[in-house]
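Asker: Below you'll find coords-v7.txt; it's compact mmCIF, C-alpha atoms.
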# COMPACT_ATOMS: atom_id res chain seq x y z
CA MET E 1 0.00 0.00 0.00
CA ARG E 2 1.12 5.58 0.15
CA ILE E 3 -0.84 8.51 1.35
CA LEU E 4 -2.43 10.39 -1.50
CA ARG E 5 -3.18 14.08 -1.85
CA ILE E 6 -5.34 13.85 -4.97
CA SER E 7 -2.86 11.49 -6.58
CA SER E 8 -3.22 8.24 -8.46
CA LEU E 9 -1.63 5.47 -6.41
CA ALA E 10 -2.55 4.08 -2.99
CA LEU E 11 -0.51 4.10 0.19
CA LEU E 12 2.01 1.27 0.42
CA THR E 13 2.45 -0.21 3.82
CA SER E 14 5.39 -2.51 4.37
CA VAL E 15 6.08 -5.61 6.43
CA LEU E 16 9.78 -6.35 6.79
CA VAL E 17 10.67 -10.01 6.46
CA SER E 18 13.98 -11.76 6.15
CA CYS E 19 15.62 -12.69 2.87
CA GLY E 20 14.56 -16.04 1.46
CA GLY E 21 10.81 -15.54 1.51
CA ILE E 22 10.06 -15.89 5.23
CA ALA E 23 6.68 -14.24 5.82
CA PRO E 24 3.77 -14.21 8.26
CA ASN E 25 2.01 -17.56 8.31
CA PRO E 26 -1.55 -17.88 6.91
CA ASN E 27 -2.97 -16.87 10.28
CA GLY E 28 -1.00 -13.63 10.21
CA VAL E 29 1.39 -14.53 13.05
CA PRO E 30 4.93 -13.24 12.38
CA VAL E 31 7.72 -15.78 12.29
CA ALA E 32 11.36 -15.42 13.25
CA PRO E 33 13.79 -14.21 10.59
CA ALA E 34 16.23 -16.71 9.12
CA ALA E 35 18.75 -14.26 7.71
CA SER E 36 19.75 -10.62 7.68
CA GLU E 37 16.98 -8.07 7.40
CA PHE E 38 17.20 -4.87 5.37
CA LEU E 39 15.02 -1.91 4.59
CA TYR E 40 15.35 -0.30 1.14
CA ILE E 41 14.00 3.21 0.59
CA GLY E 42 13.47 4.86 -2.79
CA THR E 43 13.32 8.63 -3.22
CA PHE E 44 12.10 11.14 -5.78
CA GLY E 45 15.72 11.85 -6.67
CA THR E 46 18.01 9.14 -7.94
CA GLN E 47 19.07 7.65 -4.60
CA ILE E 48 18.05 4.37 -2.99
CA PHE E 49 18.94 4.03 0.70
CA LYS E 50 19.59 0.83 2.63
CA TYR E 51 19.35 0.11 6.38
CA ARG E 52 20.16 -3.07 8.27
CA VAL E 53 17.62 -4.07 10.93
CA MET E 54 19.58 -5.04 14.05
CA LEU E 55 18.43 -7.61 16.61
CA ASP E 56 17.47 -4.88 19.08
CA GLY E 57 15.35 -3.12 16.46
CA SER E 58 17.81 -0.32 15.78
CA LEU E 59 18.70 0.61 12.21
CA ARG E 60 22.19 0.92 10.80
CA PRO E 61 22.92 2.61 7.44
CA SER E 62 24.41 0.06 5.07
CA ALA E 63 26.30 0.46 1.81
CA LEU E 64 24.03 -0.06 -1.18
CA GLY E 65 26.79 -1.22 -3.51
CA SER E 66 28.06 0.02 -6.84
CA SER E 67 25.85 -2.34 -8.87
CA VAL E 68 22.70 -0.24 -8.35
CA PRO E 69 22.24 2.45 -11.01
CA PRO E 70 20.46 5.76 -10.31
CA MET E 71 16.69 5.24 -10.31
CA CYS E 72 14.35 8.25 -10.38
CA GLN E 73 11.37 8.07 -7.97
CA PRO E 74 11.35 4.25 -8.18
CA GLN E 75 8.55 1.89 -7.38
CA LEU E 76 10.17 -1.05 -5.55
CA ASN E 77 8.70 -4.55 -5.49
CA ALA E 78 10.61 -7.28 -3.70
CA VAL E 79 10.15 -10.97 -4.45
CA PRO E 80 12.15 -13.85 -2.96
CA GLY E 81 15.73 -13.31 -4.11
CA ALA E 82 15.23 -10.06 -5.99
CA ILE E 83 13.79 -6.54 -6.10
CA TYR E 84 12.09 -5.14 -9.19
CA ALA E 85 12.51 -1.37 -9.56
CA LEU E 86 10.39 0.68 -11.96
CA SER E 87 11.73 4.19 -12.45
CA THR E 88 9.23 6.75 -13.69
CA LEU E 89 9.77 9.73 -15.95
CA CYS E 90 12.02 12.56 -14.82
CA ALA E 91 14.83 14.71 -16.17
CA SER E 92 17.54 12.17 -15.30
CA THR E 93 15.98 9.16 -17.05
CA PRO E 94 15.34 8.33 -20.72
CA SER E 95 12.01 9.07 -22.38
CA HIS E 96 10.48 5.84 -21.14
CA ASN E 97 10.05 4.03 -17.85
CA ASP E 98 13.07 2.02 -16.70
CA LEU E 99 12.32 -1.44 -15.24
CA ARG E 100 15.23 -3.36 -13.68
CA ARG E 101 15.80 -6.42 -11.51
CA PHE E 102 18.17 -6.25 -8.53
CA ASP E 103 19.42 -9.69 -7.50
CA LEU E 104 19.96 -10.40 -3.79
CA ASP E 105 22.45 -12.65 -2.03
CA PRO E 106 21.31 -14.95 0.83
CA ALA E 107 21.90 -12.12 3.32
CA GLY E 108 19.59 -9.75 1.45
CA ASN E 109 22.24 -7.52 -0.15
CA ILE E 110 21.86 -6.32 -3.73
CA VAL E 111 24.70 -7.95 -5.65
CA SER E 112 23.80 -7.17 -9.27
CA SER E 113 21.44 -5.18 -11.46
CA SER E 114 19.98 -6.17 -14.78
CA ALA E 115 19.98 -3.97 -17.84
CA PRO E 116 16.65 -2.23 -18.49
CA LEU E 117 14.01 -4.92 -18.95
CA SER E 118 11.55 -4.87 -21.84
CA LEU E 119 8.15 -6.50 -21.80
CA GLY E 120 8.20 -6.66 -25.58
CA SER E 121 5.75 -5.70 -28.28
CA ASP E 122 2.95 -7.73 -26.69
CA LEU E 123 2.46 -5.10 -23.97
CA PRO E 124 -0.46 -2.81 -24.87
CA SER E 125 1.39 0.50 -24.59
CA SER E 126 2.15 3.53 -26.70
CA ASN E 127 5.87 3.21 -25.93
CA GLY E 128 6.23 -0.42 -24.82
CA SER E 129 6.66 0.50 -21.15
CA PRO E 130 4.51 -0.27 -18.09
CA LEU E 131 3.29 2.50 -15.78
CA THR E 132 3.21 0.26 -12.70
CA PHE E 133 4.69 -3.09 -11.65
CA VAL E 134 2.95 -4.86 -8.74
CA ALA E 135 4.29 -8.31 -7.80
CA SER E 136 2.51 -11.20 -6.13
CA PRO E 137 3.75 -12.26 -2.65
CA GLU E 138 5.39 -15.44 -3.95
CA GLY E 139 7.01 -13.65 -6.88
CA LYS E 140 5.44 -15.84 -9.58
CA PHE E 141 3.49 -13.03 -11.24
CA ALA E 142 3.33 -9.27 -11.53
CA TYR E 143 0.63 -6.97 -12.85
CA VAL E 144 1.39 -3.96 -15.00
CA TRP E 145 -0.75 -1.00 -15.98
CA SER E 146 -0.25 0.49 -19.43
CA GLN E 147 -1.96 2.88 -21.84
CA THR E 148 -2.17 2.98 -25.61
CA LEU E 149 -2.15 6.07 -27.83
CA ASP E 150 -5.96 6.21 -27.85
CA ALA E 151 -5.91 6.33 -23.97
CA ALA E 152 -7.27 2.81 -23.55
CA GLN E 153 -6.00 1.30 -20.28
CA HIS E 154 -4.83 -2.26 -19.77
CA ILE E 155 -3.87 -4.43 -16.79
CA SER E 156 -1.70 -7.32 -17.94
CA PRO E 157 -0.29 -10.28 -15.98
CA VAL E 158 3.46 -10.80 -16.26
CA GLN E 159 4.77 -14.29 -15.59
CA ILE E 160 8.11 -14.30 -13.71
CA GLY E 161 10.23 -17.32 -14.65
CA SER E 162 12.57 -19.21 -12.35
CA SER E 163 15.55 -17.32 -13.74
CA GLY E 164 13.75 -13.98 -13.61
CA GLN E 165 12.60 -13.81 -17.23
CA LEU E 166 9.41 -11.77 -17.75
CA THR E 167 6.61 -12.87 -20.09
CA VAL E 168 3.69 -10.51 -20.51
CA LYS E 169 0.28 -12.12 -21.09
CA PRO E 170 -2.12 -9.35 -22.09
CA GLU E 171 -4.67 -11.89 -23.26
CA LEU E 172 -5.04 -13.01 -19.63
CA GLY E 173 -5.62 -9.46 -18.38
CA ILE E 174 -8.35 -6.85 -18.62
CA SER E 175 -8.84 -3.73 -20.74
CA PHE E 176 -10.73 -0.49 -20.17
CA PRO E 177 -11.88 1.48 -23.24
CA PRO E 178 -10.93 5.14 -23.56
CA ILE E 179 -13.34 7.83 -22.37
CA ASP E 180 -14.03 11.22 -23.84
CA SER E 181 -12.48 13.29 -21.06
CA ILE E 182 -13.36 16.59 -22.78
CA SER E 183 -17.09 15.97 -23.03
CA CYS E 184 -17.40 14.45 -19.55
CA GLN E 185 -14.80 16.79 -17.98
CA CYS E 186 -13.47 13.87 -16.00
CA GLY E 187 -10.60 11.46 -15.76
CA VAL E 188 -10.61 7.77 -14.84
CA THR E 189 -7.71 5.45 -14.03
CA HIS E 190 -7.70 1.75 -13.12
CA ILE E 191 -4.43 0.99 -11.34
CA PRO E 192 -3.24 -2.35 -9.85
CA ASP E 193 -2.76 -1.70 -6.14
CA ALA E 194 -1.90 -5.01 -4.47
CA VAL E 195 -1.93 -8.78 -4.87
CA VAL E 196 -3.46 -10.21 -1.70
CA ARG E 197 -3.25 -13.77 -0.37
CA THR E 198 -6.58 -14.64 1.34
CA PRO E 199 -8.25 -17.86 2.55
CA ASN E 200 -10.29 -17.69 -0.67
CA GLY E 201 -7.21 -17.60 -2.88
CA LEU E 202 -5.12 -14.96 -4.60
CA LEU E 203 -6.84 -11.65 -5.39
CA LEU E 204 -5.86 -8.52 -7.30
CA SER E 205 -7.00 -5.21 -5.86
CA VAL E 206 -7.42 -2.44 -8.45
CA GLN E 207 -7.83 1.22 -7.54
CA ASP E 208 -10.48 3.00 -9.60
CA LEU E 209 -9.89 6.74 -9.38
CA VAL E 210 -12.45 9.17 -10.86
CA VAL E 211 -11.81 12.90 -11.01
CA ASN E 212 -14.64 15.24 -12.03
CA ALA E 213 -14.04 18.91 -12.80
CA SER E 214 -17.24 19.84 -10.95
CA GLU E 215 -16.19 18.23 -7.66
CA GLN E 216 -13.56 19.15 -5.05
CA GLY E 217 -11.89 15.76 -4.77
CA PRO E 218 -11.64 12.44 -6.57
CA HIS E 219 -13.90 9.47 -5.98
CA VAL E 220 -12.02 6.29 -5.11
CA SER E 221 -13.23 2.72 -5.14
CA TYR E 222 -11.44 -0.62 -5.18
CA THR E 223 -12.35 -3.60 -7.30
CA LEU E 224 -11.30 -7.15 -6.45
CA TYR E 225 -10.46 -9.69 -9.14
CA LYS E 226 -9.99 -13.41 -8.65
CA LEU E 227 -6.68 -14.69 -10.05
CA ASP E 228 -5.68 -17.99 -11.61
CA GLU E 229 -2.82 -19.20 -9.42
CA GLN E 230 -1.31 -21.28 -12.22
CA THR E 231 -1.21 -18.68 -15.01
CA GLY E 232 -1.71 -15.39 -13.14
CA GLY E 233 -4.71 -14.66 -15.35
CA ILE E 234 -7.44 -12.32 -14.13
CA ILE E 235 -10.49 -14.61 -14.00
CA SER E 236 -13.43 -12.53 -12.82
CA VAL E 237 -14.64 -9.56 -10.82
CA ILE E 238 -15.53 -10.42 -7.24
CA ASP E 239 -16.78 -7.11 -5.90
CA SER E 240 -16.22 -3.36 -5.84
CA ALA E 241 -16.42 -1.04 -2.85
CA ALA E 242 -16.37 2.76 -2.70
CA PHE E 243 -14.13 3.14 0.33
CA ILE E 244 -13.60 6.88 0.19
CA PHE E 245 -15.95 9.14 -1.72
CA PRO E 246 -14.88 11.91 -2.30
CA LEU E 247 -11.60 12.63 -0.49
CA ASN E 248 -8.54 14.74 -0.02
CA LYS E 249 -6.10 12.24 1.51
CA PHE E 250 -6.41 8.53 2.14
CA PHE E 251 -4.57 5.26 2.65
CA ILE E 252 -5.29 1.54 2.45
CA SER E 253 -3.68 -1.47 4.13
CA TYR E 254 -4.19 -5.22 3.66
CA ASN E 255 -3.90 -8.12 6.09
CA GLY E 256 -5.08 -11.38 4.57
CA SER E 257 -8.85 -11.14 4.26
CA MET E 258 -8.98 -7.80 6.10
CA ILE E 259 -8.71 -4.33 4.56
CA LEU E 260 -8.13 -1.10 6.47
CA ALA E 261 -9.07 2.16 4.74
CA GLY E 262 -8.55 5.60 6.23
CA GLU E 263 -9.37 9.16 5.28
CA THR E 264 -8.37 12.56 6.64
CA GLU E 265 -10.29 15.58 5.40
CA PHE E 266 -8.74 19.04 5.38
CA GLY E 267 -10.24 21.56 7.80
CA PRO E 268 -12.91 20.59 10.35
CA GLU E 269 -14.40 17.71 8.38
CA THR E 270 -14.59 14.21 9.77
CA GLY E 271 -11.76 11.72 9.53
CA ARG E 272 -12.50 8.02 9.62
CA LEU E 273 -11.18 4.48 9.61
CA GLN E 274 -13.03 1.58 8.01
CA ILE E 275 -12.38 -2.16 8.19
CA PHE E 276 -13.68 -4.48 5.50
CA LYS E 277 -13.62 -8.26 5.41
CA LEU E 278 -13.08 -10.07 2.12
CA GLY E 279 -15.33 -13.07 1.68
CA ALA E 280 -15.85 -15.43 -1.22
CA SER E 281 -18.53 -13.10 -2.62
CA GLY E 282 -16.94 -9.72 -1.91
CA PHE E 283 -16.56 -6.93 0.65
CA THR E 284 -18.36 -6.62 3.96
CA GLU E 285 -17.84 -3.51 6.07
CA ILE E 286 -17.13 -4.77 9.58
CA THR E 287 -16.74 -1.48 11.37
CA ALA E 288 -16.37 2.26 10.83
CA CYS E 289 -14.57 4.49 13.31
CA VAL E 290 -15.31 8.20 12.83
CA GLN E 291 -13.97 11.35 14.46
CA ASP E 292 -17.29 12.87 15.53
CA ARG E 293 -17.89 10.17 18.13
CA PRO E 294 -16.46 11.33 21.48
CA GLN E 295 -15.00 7.91 22.25
CA ALA E 296 -13.02 7.83 19.02
CA PRO E 297 -10.26 10.50 19.05
CA ALA E 298 -8.00 7.82 17.52
CA CYS E 299 -10.01 8.17 14.30
CA ALA E 300 -9.95 11.96 14.11
CA HIS E 301 -7.04 12.53 11.72
CA PRO E 302 -5.52 9.23 10.53
CA ASP E 303 -2.75 10.37 8.16
CA ALA E 304 -1.42 6.82 7.72
CA GLY E 305 -2.33 3.42 9.10
CA ALA E 306 -1.64 -0.28 8.94
CA PHE E 307 -2.54 -3.61 10.50
CA HIS E 308 0.03 -5.28 12.71
CA PRO E 309 1.12 -8.49 10.92
CA SER E 310 -0.66 -10.52 13.61
CA GLY E 311 -3.92 -8.70 12.92
CA GLN E 312 -4.34 -7.85 16.62
CA TRP E 313 -3.93 -4.07 16.28
CA VAL E 314 -4.30 -1.18 13.90
CA PHE E 315 -1.69 1.59 14.11
CA ALA E 316 -2.81 5.05 13.01
CA ALA E 317 -0.39 7.98 12.67
CA ASP E 318 -1.99 11.34 13.52
CA THR E 319 0.06 14.44 12.70
CA LYS E 320 -2.53 16.79 14.22
CA ALA E 321 -2.49 14.98 17.58
CA GLY E 322 1.27 14.58 17.23
CA GLY E 323 1.65 10.83 17.68
CA ILE E 324 0.58 7.28 16.90
CA TRP E 325 -2.52 5.43 18.10
CA THR E 326 -2.62 1.70 18.83
CA ILE E 327 -6.21 0.52 18.29
CA PRO E 328 -7.13 -3.04 19.32
CA VAL E 329 -8.84 -5.28 16.76
CA VAL E 330 -11.59 -7.27 18.48
CA PHE E 331 -12.05 -10.90 17.41
CA GLY E 332 -10.11 -10.26 14.24
CA SER E 333 -12.67 -7.81 12.85
CA ALA E 334 -14.04 -4.71 14.60
CA VAL E 335 -11.70 -2.07 16.00
CA ASN E 336 -12.15 -0.76 19.56
CA PRO E 337 -11.08 2.91 19.49
CA GLY E 338 -12.21 3.40 23.08
CA ALA E 339 -9.37 1.13 24.22
CA ALA E 340 -6.71 2.81 22.07
CA SER E 341 -3.35 3.87 23.50
CA PHE E 342 -1.28 6.82 22.25
CA ILE E 343 2.40 7.71 22.07
CA PRO E 344 3.57 11.25 21.23
CA ALA E 345 5.88 11.40 18.23
CA ASN E 346 7.26 14.03 15.90
CA LEU E 347 5.46 13.26 12.65
CA PRO E 348 6.14 15.91 10.00
CA GLY E 349 4.22 14.13 7.23
CA GLY E 350 4.82 11.97 4.17
CA LEU E 351 4.37 8.85 6.32
CA ARG E 352 4.92 5.16 5.55
CA LEU E 353 4.56 2.41 8.17
CA VAL E 354 6.85 -0.64 8.19
CA PHE E 355 7.00 -3.64 10.55
CA SER E 356 9.91 -5.95 11.29
CA SER E 357 9.60 -9.63 10.38
CA THR E 358 9.17 -10.59 14.03
CA GLY E 359 6.37 -8.06 14.53
CA LYS E 360 8.31 -6.58 17.47
CA TYR E 361 9.18 -3.25 15.82
CA LEU E 362 7.37 -0.53 13.91
CA TYR E 363 9.23 1.95 11.69
CA VAL E 364 7.70 5.19 10.45
CA VAL E 365 9.40 6.62 7.39
CA GLN E 366 8.63 10.34 7.24
CA TRP E 367 9.42 13.35 5.09
CA ASP E 368 8.82 17.00 5.99
CA GLY E 369 9.12 18.38 2.48
CA THR E 370 12.91 18.55 2.58
CA PHE E 371 14.38 16.11 5.10
CA ALA E 372 13.50 12.42 5.52
CA SER E 373 14.06 10.22 8.57
CA ILE E 374 12.90 7.00 10.21
CA GLN E 375 11.39 6.71 13.69
CA GLY E 376 11.44 3.29 15.33
CA PHE E 377 9.19 1.87 18.05
CA GLN E 378 9.13 -1.35 20.04
CA ILE E 379 5.70 -2.99 20.13
CA ASP E 380 4.45 -4.56 23.37
CA GLN E 381 3.42 -8.03 22.21
CA ALA E 382 0.61 -8.22 24.77
CA THR E 383 -0.97 -4.77 24.40
CA GLY E 384 0.41 -3.28 21.19
CA ALA E 385 1.61 -0.20 23.08
CA LEU E 386 4.60 1.56 21.52
CA THR E 387 7.93 2.62 23.05
CA LEU E 388 10.44 4.78 21.16
CA LEU E 389 13.59 2.83 20.27
CA PRO E 390 16.94 4.20 21.52
CA GLY E 391 18.80 6.03 18.77
CA SER E 392 15.60 6.91 16.92
CA PRO E 393 15.06 8.80 14.65
CA TRP E 394 17.59 7.74 12.04
CA PRO E 395 18.25 10.37 9.34
CA ILE E 396 17.88 9.60 5.65
CA GLY E 397 18.85 13.05 4.44
CA ASN E 398 17.67 15.82 2.19
CA VAL E 399 15.43 14.30 -0.47
CA GLU E 400 12.56 15.64 -2.56
CA GLU E 401 10.21 12.85 -1.51
CA VAL E 402 10.18 9.24 -0.26
CA THR E 403 8.55 7.21 -3.05
CA ALA E 404 8.94 3.62 -1.91
CA VAL E 405 9.76 1.45 1.10
CA VAL E 406 10.48 -2.24 0.58
CA ASP E 407 12.05 -5.16 2.39
CA VAL E 408 14.01 -8.02 0.87
CA ALA E 409 11.26 -10.61 0.64
CA GLY E 410 8.34 -9.03 -1.14
CA LYS E 411 6.14 -7.27 1.41
CA ASN E 412 5.79 -3.67 0.26
Would you put the structure from the file into structure tokens?

Answerer:
Amino acid sequence: MRILRISSLALLTSVLVSCGGIAPNPNGVPVAPAASEFLYIGTFGTQIFKYRVMLDGSLRPSALGSSVPPMCQPQLNAVPGAIYALSTLCASTPSHNDLRRFDLDPAGNIVSSSAPLSLGSDLPSSNGSPLTFVASPEGKFAYVWSQTLDAAQHISPVQIGSSGQLTVKPELGISFPPIDSISCQCGVTHIPDAVVRTPNGLLLSVQDLVVNASEQGPHVSYTLYKLDEQTGGIISVIDSAAFIFPLNKFFISYNGSMILAGETEFGPETGRLQIFKLGASGFTEITACVQDRPQAPACAHPDAGAFHPSGQWVFAADTKAGGIWTIPVVFGSAVNPGAASFIPANLPGGLRLVFSSTGKYLYVVQWDGTFASIQGFQIDQATGALTLLPGSPWPIGNVEEVTAVVDVAGKN
């Protein structure tokens, strides 16, 4: 999942896991890491930063290595043994998007970079390049969004071979016909947001963003598609839900069959958190937590949020209150804001939440418009309460923006 201010991609929330594909088990309980653990951070400039996660939760800057080329505002997607980086357009890159594969050693270090990867002439695109690259948790497939010259949009599965070769299968994807944006004075995008492993199988979540000239903010809904786990093909629509409608800033986080959506309105308007459960037939709203209820200050201004990997708590960062809320999740579904705890923290904005593989630590990557840093917190495994880690915050430096946070095993 990224916080949006009338933008086109959803919040990315990260779960750090160790190299080699170790991940939370199907019940969402974190497991112990088997190797070194690293956090990779992409920025709007051409730098990618790397931090080693120490056993006590502290972070240590680590050399990235000379094999990584400059990547402008990269999207980072980690799969077991590799990271795929899609660099978008900017002054320092060629006139097309630059997709590369970074290979990892057993300790999680980047040891080599591929040349720019092409998806070939089969990709429905005006220039042969994807606009997004969203990988499945196991790294067998990815889903790319592309546009043709007539503004038709396409979501195509990409099969990832055992040696990393990419094979685009547009015939197994979906297409959206172009709209007359002048006559309707609107814009519509359909962007792959996440591939989610649920008890009902593998699902693709697609963000549908509609902007109308006559309205103050965009309308956002999410559509779920069932996936063929053998081919990666998009089989059918399961359901669509208008989570936020309209909005100014929002985020979304996934945890198995649970979805957390949050919205902060500018000014005095109401903020809210919503939890949805994904069933075989679609979405069910389990609970809504809104600011105008006196017992729910934790829902007043949720600038960023995420489930703990265990599913026991929701963490909501609140820049107006100046800290982070821990909100219990009752019986794996409804949140209990009345029992929330709070820790003051300096949160300048531009927030991304990241958990360690053990679930013991929470990292908040933040950016104040000029300077980026990482705050770290220890999580009480009984209550979810947070304690600031010694040595925190850890500086990243002067960057234009933090564009991606990824670990070495594919949770981004």

Asker: At a cut-off of 6 Å, using all atoms listed in the file, what residues contact Ala85 of chain E? Leave out same-chain residues fewer than 6 positions from it and give the result as number ranges by chain.

Answerer: E: 74-76, 99-100

Asker: Could you save those same residues with C-alpha atoms as a PDB file, keeping the file's coordinate frame?

Answerer:
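That gives us part-v5.pdb:
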ATOM      1  CA  PRO E  74      11.350   4.250  -8.180  1.00  0.00           C
ATOM      2  CA  GLN E  75       8.550   1.890  -7.380  1.00  0.00           C
ATOM      3  CA  LEU E  76      10.170  -1.050  -5.550  1.00  0.00           C
ATOM      4  CA  LEU E  99      12.320  -1.440 -15.240  1.00  0.00           C
ATOM      5  CA  ARG E 100      15.230  -3.360 -13.680  1.00  0.00           C
TER       6      ARG E 100
END

Asker: What separation in Å, quoted to one decimal, exists between atom CA of Ser136 of chain E and atom CA of Pro178 of chain E?

Answerer: 27.4 Å

Asker: Using all atoms listed in the file, pick whichever of E:Leu362, E:Ile83, E:Ala300, E:Val68 has the shortest atom-to-atom distance to Ser112 of chain E.

Answerer: E:Val68

Asker: Using all atoms listed in the file, what table do you get, as a Markdown table, when you list each residue of segment 269-367 of chain E with an atom no more than 10 Å from segment 188-210 of chain E, its nearest pair of atoms, and their distance in Å rounded to one decimal, rows by chain then rising number?

Answerer:
| residue | atom | partner | partner_atom | distance |
| --- | --- | --- | --- | --- |
| E:Leu278 | CA | E:Thr198 | CA | 8.0 |
| E:Gly279 | CA | E:Asn200 | CA | 7.2 |
| E:Ala280 | CA | E:Asn200 | CA | 6.0 |
| E:Ser281 | CA | E:Asn200 | CA | 9.6 |

Asker: How many Å lie between atom CA of Ser126 of chain E and atom CA of Lys169 of chain E, rounded to one decimal?

Answerer: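 Atom-to-atom, atom CA of Ser126 of chain E to atom CA of Lys169 of chain E, that is 16.7 Å.
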
Asker: Would you please work out which residue, of E:Gly323, E:Gly359, E:Pro309, E:Pro344, is nearest to Tyr254 of chain E when using only C-alpha atoms?

Answerer: E:Pro309

Asker: Can you patch up segment 55-61 of chain E, filling it in to all heavy atoms, and show the result as a CSV table (one decimal), in the frame of the given file?

Answerer:
chain,number,residue,atom,x,y,z
E,55,LEU,N,19.2,-6.7,15.7
E,55,LEU,CA,18.4,-7.6,16.6
E,55,LEU,C,17.7,-6.8,17.7
E,55,LEU,O,16.6,-7.3,18.1
E,55,LEU,CB,19.3,-8.7,17.3
E,55,LEU,CG,19.9,-9.7,16.4
E,55,LEU,CD1,20.8,-10.6,17.1
E,55,LEU,CD2,18.9,-10.5,15.6
E,56,ASP,N,18.2,-5.7,18.1
E,56,ASP,CA,17.5,-4.9,19.1
E,56,ASP,C,16.5,-3.9,18.5
E,56,ASP,O,15.9,-3.0,19.1
E,56,ASP,CB,18.5,-4.1,20.0
E,56,ASP,CG,19.3,-3.1,19.2
E,56,ASP,OD1,19.2,-3.0,17.9
E,56,ASP,OD2,20.1,-2.4,19.8
E,57,GLY,N,16.3,-4.0,17.2
E,57,GLY,CA,15.4,-3.1,16.5
E,57,GLY,C,16.0,-1.8,15.9
E,57,GLY,O,15.3,-1.2,15.1
E,58,SER,N,17.2,-1.5,16.3
E,58,SER,CA,17.8,-0.3,15.8
E,58,SER,C,18.2,-0.5,14.3
E,58,SER,O,18.3,-1.6,13.8
E,58,SER,CB,19.1,0.0,16.6
E,58,SER,OG,20.0,-1.0,16.5
E,59,LEU,N,18.3,0.6,13.6
E,59,LEU,CA,18.7,0.6,12.2
E,59,LEU,C,20.1,1.1,12.0
E,59,LEU,O,20.6,2.0,12.7
E,59,LEU,CB,17.7,1.5,11.4
E,59,LEU,CG,16.3,1.1,11.4
E,59,LEU,CD1,15.5,2.1,10.6
E,59,LEU,CD2,16.1,-0.3,10.9
E,60,ARG,N,20.8,0.5,11.1
E,60,ARG,CA,22.2,0.9,10.8
E,60,ARG,C,22.3,1.2,9.3
E,60,ARG,O,22.0,0.3,8.5
E,60,ARG,CB,23.2,-0.2,11.2
E,60,ARG,CG,24.6,0.2,11.0
E,60,ARG,CD,25.6,-0.9,11.5
E,60,ARG,NE,25.4,-1.1,12.9
E,60,ARG,CZ,26.0,-2.1,13.6
E,60,ARG,NH1,26.8,-3.0,12.9
E,60,ARG,NH2,25.9,-2.2,14.9
E,61,PRO,N,22.7,2.4,8.9
E,61,PRO,CA,22.9,2.6,7.4
E,61,PRO,C,23.9,1.6,6.9
E,61,PRO,O,24.9,1.3,7.5
E,61,PRO,CB,23.5,4.0,7.4
E,61,PRO,CG,23.0,4.7,8.7
E,61,PRO,CD,23.0,3.6,9.7
